[in-house]
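Okay, entry.txt now, which holds compact mmCIF, C-alpha atoms:
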```txt
# COMPACT_ATOMS: atom_id res chain seq x y z
CA MET A 26 -1.46 -0.15 -13.16
CA ALA A 27 -0.94 -2.01 -9.90
CA THR A 28 -3.98 -1.84 -7.63
CA TYR A 29 -2.10 -0.22 -4.75
CA LEU A 30 -0.96 2.59 -7.07
CA GLN A 31 -4.55 3.15 -8.17
CA LEU A 32 -5.44 3.68 -4.52
CA VAL A 33 -2.49 6.08 -4.07
CA HIS A 34 -3.68 8.06 -7.10
CA GLN A 35 -7.25 8.20 -5.84
CA VAL A 36 -6.16 9.61 -2.50
CA LYS A 37 -3.91 12.17 -4.19
CA HIS A 38 -6.74 13.15 -6.49
CA ALA A 39 -8.99 13.71 -3.48
CA LEU A 40 -6.24 15.76 -1.81
CA ARG A 41 -5.79 17.93 -4.88
CA LEU A 42 -9.48 18.66 -5.21
CA GLY A 43 -9.97 19.40 -1.54
CA MET A 44 -12.19 16.37 -0.94
CA LEU A 45 -9.72 15.28 1.74
CA GLU A 46 -8.21 17.78 4.14
CA THR A 47 -5.51 17.79 6.80
CA GLY A 48 -6.69 15.83 9.84
CA ASP A 49 -9.19 13.69 7.93
CA ARG A 50 -9.07 9.96 8.65
CA LEU A 51 -8.67 7.65 5.67
CA PRO A 52 -11.00 4.62 5.64
CA THR A 53 -9.60 1.57 7.44
CA ALA A 54 -8.28 -1.36 5.43
CA LYS A 55 -11.40 -3.29 6.43
CA GLU A 56 -13.72 -0.54 5.17
CA VAL A 57 -11.85 -0.37 1.87
CA VAL A 58 -11.70 -4.11 1.18
CA GLU A 59 -15.35 -4.66 2.08
CA LYS A 60 -16.23 -2.16 -0.66
CA LEU A 61 -13.71 -3.14 -3.31
CA ALA A 62 -13.08 -6.87 -2.72
CA ILE A 63 -9.30 -6.42 -2.79
CA ASN A 64 -6.54 -7.84 -0.61
CA PRO A 65 -6.03 -5.87 2.65
CA ASN A 66 -2.27 -5.95 2.11
CA THR A 67 -2.85 -3.85 -1.01
CA VAL A 68 -4.46 -1.15 1.11
CA SER A 69 -1.65 -1.30 3.68
CA LYS A 70 0.87 -0.97 0.87
CA ALA A 71 -0.91 2.07 -0.59
CA TYR A 72 -1.06 3.73 2.82
CA ARG A 73 2.64 3.00 3.41
CA GLU A 74 3.43 4.68 0.09
CA LEU A 75 1.34 7.74 1.02
CA GLU A 76 3.09 7.82 4.39
CA ARG A 77 6.49 7.62 2.69
CA GLU A 78 5.52 10.63 0.58
CA GLY A 79 4.63 12.52 3.75
CA LEU A 80 0.95 12.89 2.93
CA VAL A 81 -0.54 10.78 5.71
CA THR A 82 0.51 9.35 9.04
CA GLY A 83 -0.61 6.14 10.69
CA LYS A 84 -1.54 6.33 14.37
CA PRO A 85 -1.63 2.85 15.88
CA GLY A 86 -5.11 1.93 17.02
CA LEU A 87 -6.63 5.14 15.69
CA GLY A 88 -6.22 5.06 11.94
CA THR A 89 -4.42 6.82 9.12
CA PHE A 90 -4.71 10.60 8.98
CA VAL A 91 -4.03 13.21 6.32
CA THR A 92 -1.09 15.41 7.30
CA ARG A 93 -0.67 17.48 4.17
CA THR A 94 -2.81 18.39 1.19
CA LEU A 95 -1.73 18.67 -2.41
CA GLY A 96 -2.24 21.34 -5.01
CA GLY A 97 -0.43 24.66 -5.25
CA ALA A 98 -3.39 26.98 -5.05
CA GLY A 99 -5.89 27.38 -2.27
CA LEU A 100 -9.45 26.25 -2.75
CA ALA A 101 -10.60 29.81 -3.41
CA ASP A 102 -8.38 29.86 -6.50
CA HIS A 103 -9.71 26.43 -7.41
CA ALA A 104 -13.23 27.74 -7.77
CA ARG A 105 -12.15 30.63 -9.99
CA LEU A 106 -9.87 28.45 -12.18
CA ARG A 107 -12.60 25.89 -12.54
CA ARG A 108 -14.99 28.58 -13.76
CA GLU A 109 -12.45 29.84 -16.28
CA LEU A 110 -11.83 26.31 -17.53
CA GLN A 111 -15.57 25.77 -17.91
CA ASN A 112 -15.74 28.94 -20.04
CA TRP A 113 -12.85 27.69 -22.15
CA ILE A 114 -14.48 24.30 -22.69
CA HIS A 115 -17.74 26.00 -23.55
CA ALA A 116 -15.96 28.12 -26.17
CA GLY A 117 -14.26 25.01 -27.57
CA ARG A 118 -17.54 23.16 -27.97
CA GLU A 119 -19.09 26.21 -29.62
CA ALA A 120 -16.20 26.03 -32.12
CA GLY A 121 -17.16 22.40 -32.83
CA LEU A 122 -14.46 20.52 -30.88
CA ASP A 123 -15.48 17.20 -29.29
CA ILE A 124 -14.24 15.72 -26.00
CA GLU A 125 -11.19 14.04 -27.54
CA ASP A 126 -10.21 17.22 -29.44
CA LEU A 127 -10.45 19.22 -26.22
CA GLU A 128 -8.45 16.71 -24.19
CA ALA A 129 -5.75 16.54 -26.85
CA LEU A 130 -5.53 20.34 -27.04
CA PHE A 131 -5.44 20.66 -23.24
CA ALA A 132 -2.70 17.99 -22.96
CA LEU A 133 -0.67 19.68 -25.70
CA VAL A 134 -0.84 23.15 -24.16
CA ILE A 135 -0.14 21.91 -20.64
CA GLY A 136 2.85 19.91 -21.93
CA ASP A 137 4.25 22.90 -23.86
CA SER A 138 3.73 25.20 -20.91
CA PHE A 139 5.72 23.04 -18.49
CA ARG A 140 8.46 22.30 -21.01
CA GLU A 141 9.05 25.98 -21.69
CA GLY A 142 8.82 26.81 -18.03
CA ILE A 143 6.07 29.37 -18.58
CA ALA A 144 4.45 30.25 -15.31
CA MET B 25 -5.13 -3.20 11.89
CA THR B 26 -1.88 -3.88 10.13
CA ILE B 27 -1.25 -7.33 8.81
CA GLU B 28 1.98 -8.82 10.01
CA GLN B 29 3.87 -10.46 7.24
CA GLY B 30 7.03 -12.45 6.95
CA THR B 31 6.90 -13.81 10.46
CA ASP B 32 9.20 -16.77 10.86
CA MET B 33 6.52 -19.42 11.27
CA PRO B 34 4.89 -20.46 8.01
CA ALA B 35 1.12 -20.89 8.18
CA PHE B 36 1.47 -24.11 6.28
CA GLU B 37 4.32 -26.07 4.88
CA THR B 38 4.71 -29.34 3.02
CA THR B 39 7.93 -31.26 2.54
CA GLY B 40 8.21 -33.87 -0.18
CA LEU B 41 4.48 -34.47 0.19
CA GLY B 42 3.05 -37.32 -1.86
CA VAL B 43 -0.37 -38.98 -1.93
CA ARG B 44 -1.05 -42.19 -3.81
CA TYR B 45 -4.49 -43.61 -4.60
CA ARG B 46 -3.93 -47.28 -5.41
CA ARG B 47 -1.29 -47.09 -8.14
CA ASN B 48 -1.69 -43.43 -9.10
CA TRP B 49 0.14 -40.59 -7.46
CA ALA B 50 -2.32 -37.70 -7.01
CA LEU B 51 0.45 -35.58 -5.49
CA ARG B 52 4.18 -35.99 -5.90
CA ASP B 53 7.06 -34.39 -4.10
CA CYS B 54 5.21 -31.21 -3.15
CA SER B 55 7.28 -28.80 -1.14
CA VAL B 56 5.75 -25.42 -0.41
CA SER B 57 6.01 -23.02 2.47
CA VAL B 58 3.65 -20.07 2.82
CA PRO B 59 4.00 -17.27 5.39
CA ALA B 60 1.14 -16.44 7.76
CA GLY B 61 -1.27 -13.64 6.90
CA ARG B 62 -1.39 -14.39 3.19
CA VAL B 63 -4.36 -14.98 0.93
CA VAL B 64 -3.20 -17.92 -1.12
CA ALA B 65 -4.61 -18.95 -4.49
CA LEU B 66 -4.17 -22.62 -5.32
CA VAL B 67 -4.78 -22.95 -9.04
CA GLY B 68 -4.51 -25.76 -11.54
CA PRO B 69 -6.64 -27.68 -14.01
CA ASN B 70 -9.22 -30.25 -12.93
CA GLY B 71 -7.48 -33.34 -11.67
CA ALA B 72 -4.26 -31.49 -10.79
CA GLY B 73 -4.47 -32.60 -7.16
CA LYS B 74 -5.82 -29.37 -5.61
CA THR B 75 -8.47 -31.08 -3.49
CA THR B 76 -6.02 -33.82 -2.49
CA LEU B 77 -3.52 -31.20 -1.31
CA LEU B 78 -6.20 -29.33 0.67
CA HIS B 79 -7.50 -32.56 2.24
CA THR B 80 -3.99 -33.52 3.27
CA LEU B 81 -3.38 -30.12 4.85
CA VAL B 82 -6.57 -30.25 6.92
CA GLY B 83 -5.95 -33.85 7.99
CA LEU B 84 -8.72 -35.60 6.05
CA LEU B 85 -6.12 -37.61 4.12
CA ALA B 86 -2.88 -39.11 5.38
CA PRO B 87 0.13 -38.54 3.13
CA THR B 88 1.80 -41.53 1.49
CA ALA B 89 5.13 -39.71 1.56
CA GLY B 90 6.52 -36.57 3.15
CA THR B 91 4.87 -34.33 5.72
CA ALA B 92 2.35 -31.51 6.02
CA ARG B 93 2.63 -28.97 8.82
CA LEU B 94 0.36 -26.19 10.02
CA PHE B 95 1.91 -23.53 12.25
CA GLY B 96 4.87 -25.81 12.80
CA HIS B 97 2.82 -28.84 13.94
CA THR B 98 2.58 -32.00 11.88
CA VAL B 99 -0.97 -32.49 10.65
CA GLY B 100 -2.73 -35.40 12.33
CA GLN B 101 -0.52 -35.38 15.41
CA SER B 102 -1.99 -32.41 17.22
CA GLU B 103 -5.66 -32.03 18.14
CA GLU B 104 -5.02 -28.40 18.97
CA LEU B 105 -4.64 -27.77 15.23
CA LEU B 106 -8.30 -28.59 14.60
CA ALA B 107 -9.40 -25.54 16.55
CA ARG B 108 -6.96 -23.28 14.73
CA MET B 109 -8.19 -23.97 11.22
CA ALA B 110 -11.46 -24.23 9.36
CA PHE B 111 -12.25 -26.02 6.14
CA VAL B 112 -15.13 -25.59 3.71
CA ALA B 113 -15.31 -28.47 1.24
CA GLN B 114 -16.14 -28.01 -2.41
CA ASP B 115 -19.84 -28.88 -2.25
CA LYS B 116 -20.32 -26.64 0.84
CA PRO B 117 -21.87 -29.46 2.86
CA LEU B 118 -24.85 -28.23 4.86
CA TYR B 119 -27.95 -30.04 6.04
CA ASP B 120 -30.78 -28.89 3.74
CA SER B 121 -33.51 -29.77 6.25
CA PHE B 122 -31.88 -27.73 9.07
CA THR B 123 -32.97 -24.15 9.61
CA VAL B 124 -30.21 -21.54 9.67
CA ALA B 125 -30.66 -21.35 13.47
CA ASP B 126 -30.25 -25.16 13.76
CA THR B 127 -27.13 -24.95 11.62
CA LEU B 128 -25.55 -22.37 13.91
CA ARG B 129 -26.49 -24.39 17.01
CA PHE B 130 -24.91 -27.43 15.38
CA GLY B 131 -21.72 -25.49 14.69
CA LYS B 132 -21.63 -24.29 18.28
CA ARG B 133 -21.93 -27.83 19.68
CA LEU B 134 -19.31 -29.33 17.39
CA ASN B 135 -16.56 -26.76 17.79
CA LEU B 136 -14.33 -26.07 20.75
CA SER B 137 -13.99 -22.45 19.79
CA TRP B 138 -17.13 -20.71 18.58
CA ASP B 139 -18.08 -17.04 18.45
CA ASP B 140 -21.87 -17.26 18.53
CA GLU B 141 -22.42 -13.51 18.65
CA PHE B 142 -20.29 -13.09 15.53
CA ALA B 143 -22.17 -15.84 13.70
CA ARG B 144 -25.61 -14.41 14.52
CA ARG B 145 -24.59 -10.85 13.68
CA ARG B 146 -23.11 -11.96 10.37
CA ILE B 147 -26.26 -13.88 9.37
CA ALA B 148 -28.38 -10.84 10.34
CA ASP B 149 -26.13 -8.47 8.36
CA LEU B 150 -26.55 -10.71 5.34
CA GLY B 151 -30.31 -10.41 5.65
CA ILE B 152 -30.76 -14.18 6.04
CA SER B 153 -33.59 -15.30 8.30
CA LEU B 154 -32.67 -17.73 11.07
CA ARG B 155 -35.98 -19.52 10.54
CA HIS B 156 -35.38 -20.44 6.92
CA LYS B 157 -34.47 -23.97 5.89
CA VAL B 158 -30.96 -24.12 4.47
CA GLY B 159 -32.18 -26.07 1.44
CA LYS B 160 -34.48 -23.18 0.48
CA LEU B 161 -31.69 -20.56 0.42
CA SER B 162 -30.08 -19.34 -2.81
CA GLY B 163 -26.65 -20.68 -3.79
CA GLY B 164 -25.03 -17.41 -2.72
CA GLN B 165 -26.78 -17.49 0.67
CA GLN B 166 -25.78 -21.13 1.24
CA ALA B 167 -22.18 -20.18 0.47
CA GLN B 168 -22.44 -17.35 3.02
CA VAL B 169 -23.89 -19.68 5.69
CA ALA B 170 -21.07 -22.19 5.08
CA LEU B 171 -18.53 -19.36 5.29
CA THR B 172 -20.15 -18.08 8.49
CA LEU B 173 -19.79 -21.53 10.12
CA ALA B 174 -16.11 -21.58 9.19
CA LEU B 175 -15.43 -18.00 10.31
CA ALA B 176 -17.28 -18.39 13.63
CA LYS B 177 -14.53 -20.79 14.70
CA ARG B 178 -12.27 -17.74 14.48
CA PRO B 179 -9.65 -19.80 12.65
CA GLU B 180 -6.07 -18.73 12.05
CA LEU B 181 -6.12 -20.64 8.77
CA LEU B 182 -9.20 -20.84 6.57
CA VAL B 183 -9.11 -23.45 3.79
CA LEU B 184 -11.73 -23.19 1.05
CA ASP B 185 -12.08 -25.67 -1.80
CA GLU B 186 -13.49 -23.87 -4.87
CA PRO B 187 -15.47 -21.35 -2.79
CA LEU B 188 -16.61 -19.44 -5.86
CA ALA B 189 -17.70 -22.35 -8.05
CA ASN B 190 -21.43 -22.32 -8.90
CA LEU B 191 -21.88 -18.74 -7.68
CA ASP B 192 -23.13 -15.92 -9.88
CA PRO B 193 -20.85 -12.86 -10.29
CA LEU B 194 -22.70 -10.87 -7.64
CA ALA B 195 -22.49 -13.67 -5.07
CA ARG B 196 -18.78 -14.19 -5.90
CA ASP B 197 -18.14 -10.52 -5.23
CA ASP B 198 -20.13 -10.67 -1.96
CA VAL B 199 -18.17 -13.71 -0.77
CA MET B 200 -14.80 -12.18 -1.65
CA ARG B 201 -15.64 -8.84 0.00
CA ALA B 202 -16.70 -10.64 3.17
CA LEU B 203 -13.55 -12.73 3.11
CA MET B 204 -11.25 -9.76 2.56
CA GLY B 205 -12.98 -7.86 5.37
CA THR B 206 -12.32 -10.71 7.79
CA VAL B 207 -8.71 -10.96 6.67
CA ALA B 208 -8.29 -7.22 7.34
CA GLU B 209 -9.83 -7.62 10.79
CA THR B 210 -8.12 -10.78 11.99
CA GLY B 211 -4.97 -11.22 9.88
CA MET B 212 -5.88 -14.86 9.29
CA THR B 213 -4.32 -16.87 6.49
CA VAL B 214 -6.63 -17.99 3.69
CA LEU B 215 -5.94 -20.82 1.27
CA LEU B 216 -8.45 -21.15 -1.53
CA SER B 217 -8.48 -23.25 -4.64
CA SER B 218 -9.95 -22.14 -7.92
CA HIS B 219 -9.73 -22.88 -11.57
CA VAL B 220 -10.95 -19.40 -12.48
CA VAL B 221 -7.82 -17.31 -12.33
CA SER B 222 -9.40 -13.91 -13.03
CA ASP B 223 -11.31 -13.99 -9.73
CA LEU B 224 -8.09 -14.01 -7.81
CA LEU B 225 -6.05 -11.15 -9.22
CA ASN B 226 -6.90 -8.48 -6.68
CA THR B 227 -7.75 -10.69 -3.75
CA CYS B 228 -4.86 -13.12 -3.48
CA ASP B 229 -1.26 -12.19 -2.73
CA TRP B 230 0.37 -15.62 -2.97
CA LEU B 231 0.11 -18.01 -5.89
CA VAL B 232 0.57 -21.78 -5.93
CA VAL B 233 0.25 -23.50 -9.30
CA LEU B 234 -0.38 -27.23 -9.15
CA ASN B 235 -0.21 -29.31 -12.32
CA GLY B 236 -0.33 -33.08 -12.66
CA GLY B 237 0.23 -33.52 -8.92
CA ARG B 238 3.34 -31.33 -8.82
CA VAL B 239 3.93 -27.80 -7.60
CA GLN B 240 5.13 -25.65 -10.50
CA VAL B 241 5.01 -22.22 -8.90
CA SER B 242 4.78 -20.95 -5.33
CA GLY B 243 5.46 -17.35 -4.49
CA ASP B 244 4.41 -13.80 -3.74
CA LEU B 245 2.04 -12.81 -6.54
CA GLU B 246 3.49 -9.37 -7.14
CA GLU B 247 7.04 -10.68 -7.17
CA LEU B 248 6.09 -13.42 -9.62
CA LEU B 249 4.48 -10.90 -11.96
CA ALA B 250 7.53 -8.64 -11.69
CA GLU B 251 10.00 -11.46 -12.31
CA HIS B 252 8.39 -12.70 -15.51
CA ARG B 253 8.47 -10.82 -18.86
CA VAL B 254 7.10 -11.38 -22.33
CA LEU B 255 9.82 -10.82 -24.93
CA SER B 256 9.18 -10.49 -28.64
CA GLY B 257 11.82 -10.33 -31.34
CA PRO B 258 13.36 -11.88 -34.45
CA ALA B 259 13.15 -15.68 -34.54
CA GLU B 260 16.81 -16.09 -35.53
CA LEU B 261 17.92 -14.52 -32.22
CA ALA B 262 15.51 -16.48 -30.06
CA ASP B 263 17.69 -19.55 -29.43
CA GLY B 264 20.52 -17.39 -28.16
CA LEU B 265 18.27 -15.50 -25.78
CA ALA B 266 16.38 -18.62 -24.67
CA ARG B 267 19.68 -20.16 -23.52
CA ARG B 268 20.29 -17.24 -21.16
CA LEU B 269 16.85 -17.29 -19.56
CA GLN B 270 14.44 -19.64 -17.84
CA VAL B 271 11.86 -19.86 -20.60
CA VAL B 272 8.32 -20.88 -19.65
CA SER B 273 6.72 -20.66 -23.07
CA ASP B 274 8.21 -20.19 -26.51
CA THR B 275 6.01 -19.35 -29.50
CA ARG B 276 7.64 -19.03 -32.91
CA SER B 277 6.47 -18.05 -36.34
CA ASP B 278 8.75 -17.76 -39.40
CA ARG B 279 10.21 -14.44 -38.37
CA GLN B 280 8.90 -13.65 -34.93
CA ALA B 281 9.48 -15.32 -31.58
CA THR B 282 7.59 -14.63 -28.35
CA LEU B 283 9.13 -15.89 -25.14
CA LEU B 284 7.55 -15.80 -21.71
CA ALA B 285 10.50 -16.06 -19.38
CA HIS B 286 11.39 -15.99 -15.71
CA VAL B 287 13.97 -13.20 -15.74
CA GLY B 288 14.34 -12.78 -12.00
CA THR B 289 15.06 -9.50 -10.30
CA GLU B 290 17.95 -8.32 -12.47
CA ARG B 291 17.32 -5.86 -15.25
CA LEU B 292 17.54 -7.40 -18.69
CA THR B 293 19.91 -5.98 -21.24
CA LEU B 294 18.40 -6.82 -24.60
CA ASP B 295 19.32 -6.35 -28.21
CA SER B 296 17.29 -3.39 -29.52
CA ARG B 297 15.41 -5.72 -31.84
CA TRP B 298 13.62 -7.24 -28.83
CA SER B 299 10.66 -5.65 -27.17
CA GLU B 300 9.51 -6.58 -23.69
CA ARG B 301 6.33 -6.15 -21.70
CA PRO B 302 5.00 -7.23 -18.32
CA VAL B 303 3.00 -10.43 -17.97
CA GLY B 304 -0.62 -10.78 -16.83
CA LEU B 305 -1.67 -13.26 -14.15
CA GLU B 306 -3.85 -15.39 -16.39
CA GLU B 307 -1.16 -15.46 -19.09
CA LEU B 308 1.45 -16.51 -16.53
CA VAL B 309 -0.67 -19.32 -15.11
CA LEU B 310 -1.63 -20.64 -18.55
CA ALA B 311 1.98 -20.60 -19.72
CA TYR B 312 3.04 -22.75 -16.78
CA LEU B 313 0.10 -25.11 -17.14
CA ARG B 314 0.91 -25.62 -20.82
CA SER B 315 4.55 -26.50 -20.01
CA PRO B 316 4.32 -28.95 -17.14
CA GLU B 317 8.10 -29.38 -17.05
CA ALA B 318 8.69 -25.67 -16.38
CA SER B 319 9.02 -24.45 -12.81
CA SER B 320 9.67 -21.10 -11.18
CA LEU B 321 10.98 -22.85 -8.11
CA PRO B 322 14.67 -23.39 -7.49
CA ARG B 323 15.92 -26.66 -8.97
CA PRO B 324 14.94 -29.43 -6.59
CA SER B 325 17.51 -30.02 -3.96
CA LEU B 326 17.00 -33.07 -1.83
CA ALA B 327 14.35 -31.64 0.44
CA THR B 328 14.62 -33.34 3.78
CA SER B 329 13.08 -32.08 6.94
CA ALA B 330 16.09 -30.64 8.72
```
Would you mind writing the file's structure down as structure tokens?
Amino acid sequence: MATYLQLVHQVKHALRLGMLETGDRLPTAKEVVEKLAINPNTVSKAYRELEREGLVTGKPGLGTFVTRTLGGAGLADHARLRRELQNWIHAGREAGLDIEDLEALFALVIGDSFREGIA
Amino acid sequence: MTIEQGTDMPAFETTGLGVRYRRNWALRDCSVSVPAGRVVALVGPNGAGKTTLLHTLVGLLAPTAGTARLFGHTVGQSEELLARMAFVAQDKPLYDSFTVADTLRFGKRLNLSWDDEFARRRIADLGISLRHKVGKLSGGQQAQVALTLALAKRPELLVLDEPLANLDPLARDDVMRALMGTVAETGMTVLLSSHVVSDLLNTCDWLVVLNGGRVQVSGDLEELLAEHRVLSGPAELADGLARRLQVVSDTRSDRQATLLAHVGTERLTLDSRWSERPVGLEELVLAYLRSPEASSLPRPSLATSA
């Protein structure tokens, strides 16, 4: 995957999990490249893509700020769903499934669910 | 800070550049033009002419034919250019018996533009003592001192000849992170040569391939990767397909053919017996180096300085 898309995915991941919230400032291109040793244009490109998707906005001289979060449910629901998923995984391991079995089963069920339009 | 790209003025440009040492041409008919704000990888095997090209661009060598220009000025005709660019030679020349402090003082005296505060802060951030003798520093620290001297000039163009050679992986990463940070801050153009292609994938955004003194490839790295494909299919169909495309490398077995081709920006319509996949940077560079007659550049028109 292109490096700029990896950055886009990381930011979206953080938005989904509530690690980034509306109003938060994303690290500057300089901060990112000094950590990751990547080309600054890659960071600019990732931020432009996030801006195009309406998730962040660049304010000249100030930085790039989160304008919208991702994820359908609120964080309160997150905590509950996470607990339920932990219980499910626990039950799966009790039944003798390993990590790959569990991932495959999860991917299968999630795929079926969205195909059939089950809410 | 956003990096301005695609401004009209190229950072550097050569037209029909040639350099001859006695009877051998080290560079022949090199015409490249690179926009400002890019991080340019100059790659090629040993003896390809990389150092000769860099030396010509910074004015250490006079061309035998053609011209080299930085920011629109012909190299060697404008003293102002010296202050706008910095060059670190391959062996990172430093005086071993100087202390780091002496080295900085030396840099300050010899350069018209010099940001002493920046240089001292950078050395302190790196945890290098000003009192140490340069000769006693590690290879990575010496590389950082040499880079600090170059950066303290606050150049618009930084030219580095094999900056990562002889550095361990940690020191290479440190040097590249420092370099990328400065690019983000200042928007300067960087031209660096290397024969290790894998170091350059995420840091460079422009690729120049030099082989046997000639430029085979010069272009935006992402565009180059997008415009080349690896196609695999039945050998009996390969000739037909190869005629339609600009083939860089062509590997055949009895039944199977694998072509690495410059397909451009148009979508390929292929017989269903062909499969295609994107190309990796190292694979692309090696394919060009193995076929010195191949070129991604437009067929040579008579390049004259208009």
Mind listing as a compact mmCIF listing (two decimals) with C-alpha atoms, in the coordinates of the input which residues of chain B are within 10 Å of chain A, counting all atoms listed in the file?
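Below is the file that was written, iface.txt:
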```txt
# COMPACT_ATOMS: atom_id res chain seq x y z
CA MET B 25 -5.13 -3.20 11.89
CA THR B 26 -1.88 -3.88 10.13
CA ILE B 27 -1.25 -7.33 8.81
CA GLU B 28 1.98 -8.82 10.01
CA GLN B 29 3.87 -10.46 7.24
CA GLY B 61 -1.27 -13.64 6.90
CA ARG B 62 -1.39 -14.39 3.19
CA VAL B 63 -4.36 -14.98 0.93
CA ARG B 196 -18.78 -14.19 -5.90
CA ASP B 197 -18.14 -10.52 -5.23
CA ASP B 198 -20.13 -10.67 -1.96
CA VAL B 199 -18.17 -13.71 -0.77
CA MET B 200 -14.80 -12.18 -1.65
CA ARG B 201 -15.64 -8.84 0.00
CA ALA B 202 -16.70 -10.64 3.17
CA LEU B 203 -13.55 -12.73 3.11
CA MET B 204 -11.25 -9.76 2.56
CA GLY B 205 -12.98 -7.86 5.37
CA THR B 206 -12.32 -10.71 7.79
CA VAL B 207 -8.71 -10.96 6.67
CA ALA B 208 -8.29 -7.22 7.34
CA GLU B 209 -9.83 -7.62 10.79
CA THR B 210 -8.12 -10.78 11.99
CA GLY B 211 -4.97 -11.22 9.88
CA LEU B 224 -8.09 -14.01 -7.81
CA LEU B 225 -6.05 -11.15 -9.22
CA ASN B 226 -6.90 -8.48 -6.68
CA THR B 227 -7.75 -10.69 -3.75
CA CYS B 228 -4.86 -13.12 -3.48
CA ASP B 229 -1.26 -12.19 -2.73
CA GLU B 246 3.49 -9.37 -7.14
```
Q: Between B:Leu105, B:Val254, B:Leu150, B:Val112, single out the one closest to Leu284 (chain B), counting all atoms listed in the file.
A: B:Val254
Q: Find the residues near Thr39 (chain B): any atom within 6 Å, counting all atoms listed in the file, skip ones fewer than 6 places away on the same chain, and give them as number ranges by chain.
A: B: 55, 90-91
Q: Would you mind listing what lies within 12 Å of Arg267 (chain B) as a list in words, with only C-alpha atoms counted and same-chain residues fewer than 4 positions away left out?
A: Leu261, Ala262, Asp263, Val271, Asp274, Leu283, Ala285 and Val287 of chain B
Expected file contents, prior selection, C-alpha atoms, as a PDB file, in the frame of the given file:
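So the final result, stored in part_31.pdb, reads:
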```pdb
ATOM      1  CA  LEU B 261      17.920 -14.520 -32.220  1.00  0.00           C
ATOM      2  CA  ALA B 262      15.510 -16.480 -30.060  1.00  0.00           C
ATOM      3  CA  ASP B 263      17.690 -19.550 -29.430  1.00  0.00           C
ATOM      4  CA  VAL B 271      11.860 -19.860 -20.600  1.00  0.00           C
ATOM      5  CA  ASP B 274       8.210 -20.190 -26.510  1.00  0.00           C
ATOM      6  CA  LEU B 283       9.130 -15.890 -25.140  1.00  0.00           C
ATOM      7  CA  ALA B 285      10.500 -16.060 -19.380  1.00  0.00           C
ATOM      8  CA  VAL B 287      13.970 -13.200 -15.740  1.00  0.00           C
TER       9      VAL B 287
END
```
Q | Separation of CA of Lys160 (chain B) from CA of Arg129 (chain B), in Å and rounded to one decimal | A |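 We find that CA of Lys160 (chain B) and CA of Arg129 (chain B) lie 18.4 Å from each other.
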Q) Which polymer residues have any atom within 12 Å of an atom of Val82 (chain B), counting all atoms listed in the file, with same-chain residues fewer than 6 positions away left out, as a ChimeraX atom specification? A) /B:36-38,75-76,92-94,97-103,105-113,181-185,215
Q) When you draw a straight line from CA of Glu251 (chain B) to CA of Thr289 (chain B), how long is it in Å? A) 5.8 Å
Q) What's the 10 Å shell around Lys37 (chain A), counting only C-alpha atoms, without same-chain residues fewer than 5 positions away, as a ChimeraX atom specification? A) /A:31-32,42-45,75,80,94-96
